[in-house]
Amino acid sequence: MTLMTVEGLGIDFGGVRAVDAVGFAVKPGEIVSVIGPNGAGKTTLFNILSGVYRPDRGRVMLDGMDVTAMAPHRLAALGLSRTFQNLQVYLQMTALENVMAGRHLAERCSVIADLLGLPASRRRTRETADIARGLLARVHLERAAEREASSLSYGALKRLEIARALAAQPRLLLLDEPAAGCNAVETEEIDALIAEIAAEGVAILLVEHDMKLVMKISNHIVVLDHGEKIAEGAPAEISQNPRVIEAYLGTQAEGGHALC
Amino acid sequence: MRLSPRTWTLIILAVLIALAPVTFPSAFYFRIGALIFVNGLAVIGLVILFGYAGQISLGHAGFAGIGAYSAALMPMHLGLHPALALFAGAVLSGGLAFLIGRPILRLKGHYLAVATLGFGILVFIVLNNEAQLTGGPDGMAVEDLGLRAVSDALGLGLRTAEVWYWFMGLVLLLGAFLALNLHTSPTGRSLRSLHNSEVAARTLGVDVVRYKLTAFVISAVYASLAGSLQALLNGFVTPDVAGFLHSIEWVTMAVLGGAATVLGAVFGATILTALPQALTVFQEYEHLLLGLIIMLVMIFLPAGLLPSLGKTLRQGESI
Ligand SMILES: Nc1ncnc2c1ncn2[C@@H]1O[C@H](COP(=O)(O)OP(=O)(O)OP(=O)(O)O)[C@@H](O)[C@H]1O
Ligand SMILES: [Mg+2]
């Protein structure tokens, strides 16, 4: 049973085909990585899948239902959650509040109850805080709970975004370069965390430039170049694929990322 | 037990309201105090819109106009008690905010500012031109709310200005209480998250249009109540209550207080209500000075006067 199916997806910016004719499928509990050189269209693909961009061509199916161009908040309600390559943390809120805000869909209360500070509203806030503390501990940020997010390090913010995305209890989690800018130890931790989340049955779509990480944890890899899918398969196949090696070697001279 | 920031804010406000009269040499000061609380109420509403939800309005005096003229017209024409007219005005303003908010709040930044500005001007023009009903630019008298009568019946022995002071102090505390509750509630968190990152909030399930609308309606109700209360306090109302300058006064109060906290709102309202009373030059050059204050605060203290002072003090402590 597939969770998400993508067919012939495409979007243009001016004359640029940022994503073109991309298709693949994701099953529950599976880790699917999307790799490709800088500017290949990975983030754009995530923006389409999460409803931030409207595709010009193609379809996205979730649970067999057509969700193409559905609004982001409705996709979230269907179990889709994501992080951002260029960090979209709520900087003026505390780390704890960031994660609490991730539980928006589960904790909605009536505005009147919230204004009056009725027991129902306060109880909900306490419960949310408890759950959020647990999630902060999971990304090793429990001691930063009361700190304003703007005062946290880059690596901490990356993990905070993951905790916030997890707070929404997603069935499909889109992670856009979760280990970028993290040191070796932090990368190990994120690696372990991703495997753990997948083991709980959450499907994961991962964009990551750290090839060691990608080859180690992916069940399946989709390779993009210039917006098009140039290869797809198990890690062992991908690392041997001549077109993939060429795409990476082609950009390596310009400072791209090598395979392994 | 450690007190929450919410409880602290309420205690500080209550103590200030209770103790300020010690320094008042005459009844006139109670009147100024009541006016400060009226403005503080409206600015707390703006804090919910600006500071929590991150949306701008340059036309909230329009809602004050609706509130003020509801308090003036409904008792006269419908025989409603002024207290009921005040609530009817708030419902009217909230409903109108709901209707116009949906299209307006899809706009961003300065487009939103211009659209709300247009709304305020529209209300002003209607109030100004419907002279048969509103008395036009000359304004009209407003029926008494009957606070003094209640006070006398209770044997409190207070003068009218004093009754208004204490009554408005309580209303302000209530307004602060609601806004503070909202801040730490699920709705408040959603408002603040869409302020911090709209795209992140959307992908986490926040229906941003609906939440912006919620903040807009709440702030419109605050503005409307402030407008009604100002009209009832003055016993008289002119279309200026809905004027552009009135909107700008409130925005300046919010900006001066940092536009983000309840305490800042009351602080901004206090400074900018008291200053014109103390300095007559201020009245003559009000437009000029409000513009100057906004510019200076934006350039030198973008977080607002009170939060910036607070930060400086805290830094002083930690060194
Ligand atoms: N909103 C936009 N408007 C115009 N062009 C865009 C927009 N978003 C992306 N692009 C273009 O689409 C192409 C793909 O960009 P995208 O950010 O998806 O690449 P990426 O694979 O995520 O790269 P990186 O590895 O650097 O993150 C690029 O040429 C980019 O300039
Ligand atoms: Mg990218």
# chains A, B, ... in the order shown; residues from 1 in each chain; ligands from 1

$ select_by_dssp --residues "stretch 18-221 of chain A" --states "helix (DSSP H, G or I)" --output "PyMOL selection string"
chain A and resi 42-49+72-77+95-101+104-107+111-116+119-138+142-144+149-151+154-167+184-199+211-217

$ interface_residues --of "chain A" --to "chain B" --cutoff "9 Å" --atoms "only C-alpha atoms" --output "ChimeraX atom specification"
/A:50-52,71-77,80-84,88-93,97-98,100-105,107-111,113-118,121-122,124-125,164-165,168

$ closest_atom_pairs --of "chain A" --to "ligand 2" --cutoff "12 Å" --atoms "only C-alpha atoms and all ligand atoms" --output "CSV"
residue,atom,partner,partner_atom_place_in_ligand_line,distance
A:Ala18,CA,ligand 2,1 (Mg),11.4
A:Val34,CA,ligand 2,1 (Mg),10.3
A:Ile35,CA,ligand 2,1 (Mg),9.8
A:Gly36,CA,ligand 2,1 (Mg),9.5
A:Pro37,CA,ligand 2,1 (Mg),9.3
A:Asn38,CA,ligand 2,1 (Mg),7.0
A:Gly39,CA,ligand 2,1 (Mg),6.9
A:Ala40,CA,ligand 2,1 (Mg),8.0
A:Gly41,CA,ligand 2,1 (Mg),6.9
A:Lys42,CA,ligand 2,1 (Mg),5.4
A:Thr43,CA,ligand 2,1 (Mg),4.0
A:Thr44,CA,ligand 2,1 (Mg),7.2
A:Leu45,CA,ligand 2,1 (Mg),9.0
A:Phe46,CA,ligand 2,1 (Mg),8.7
A:Asn47,CA,ligand 2,1 (Mg),9.9
A:Thr83,CA,ligand 2,1 (Mg),11.4
A:Phe84,CA,ligand 2,1 (Mg),8.7
A:Gln85,CA,ligand 2,1 (Mg),6.1
A:Asn86,CA,ligand 2,1 (Mg),8.3
A:Leu87,CA,ligand 2,1 (Mg),11.4
A:Leu175,CA,ligand 2,1 (Mg),10.5
A:Asp176,CA,ligand 2,1 (Mg),6.8
A:Glu177,CA,ligand 2,1 (Mg),7.5
A:Pro178,CA,ligand 2,1 (Mg),11.0
A:Ala180,CA,ligand 2,1 (Mg),10.6
A:Leu206,CA,ligand 2,1 (Mg),11.1
A:Val207,CA,ligand 2,1 (Mg),7.7
A:Glu208,CA,ligand 2,1 (Mg),8.9
A:His209,CA,ligand 2,1 (Mg),9.7
A:Leu224,CA,ligand 2,1 (Mg),11.5
A:Gly227,CA,ligand 2,1 (Mg),11.7

$ closest_residue --among "A:Val16, A:Leu160, A:Ile204, A:Met4" --to "ligand 1" --atoms "only C-alpha atoms and all ligand atoms"
A:Val16

$ closest_residue --among "A:Gly14, A:Gly201, A:Gly181, A:Pro119" --to "ligand 1" --atoms "only C-alpha atoms and all ligand atoms"
A:Gly14

$ atom_distance --atom1 "atom CA of B:Thr270" --atom2 "atom CA of B:Phe244"
20.1 Å

$ closest_residue --among "B:Ala220, B:Ile56, B:Leu301, B:Leu10" --to "B:Leu173" --atoms "only C-alpha atoms"
B:Leu10
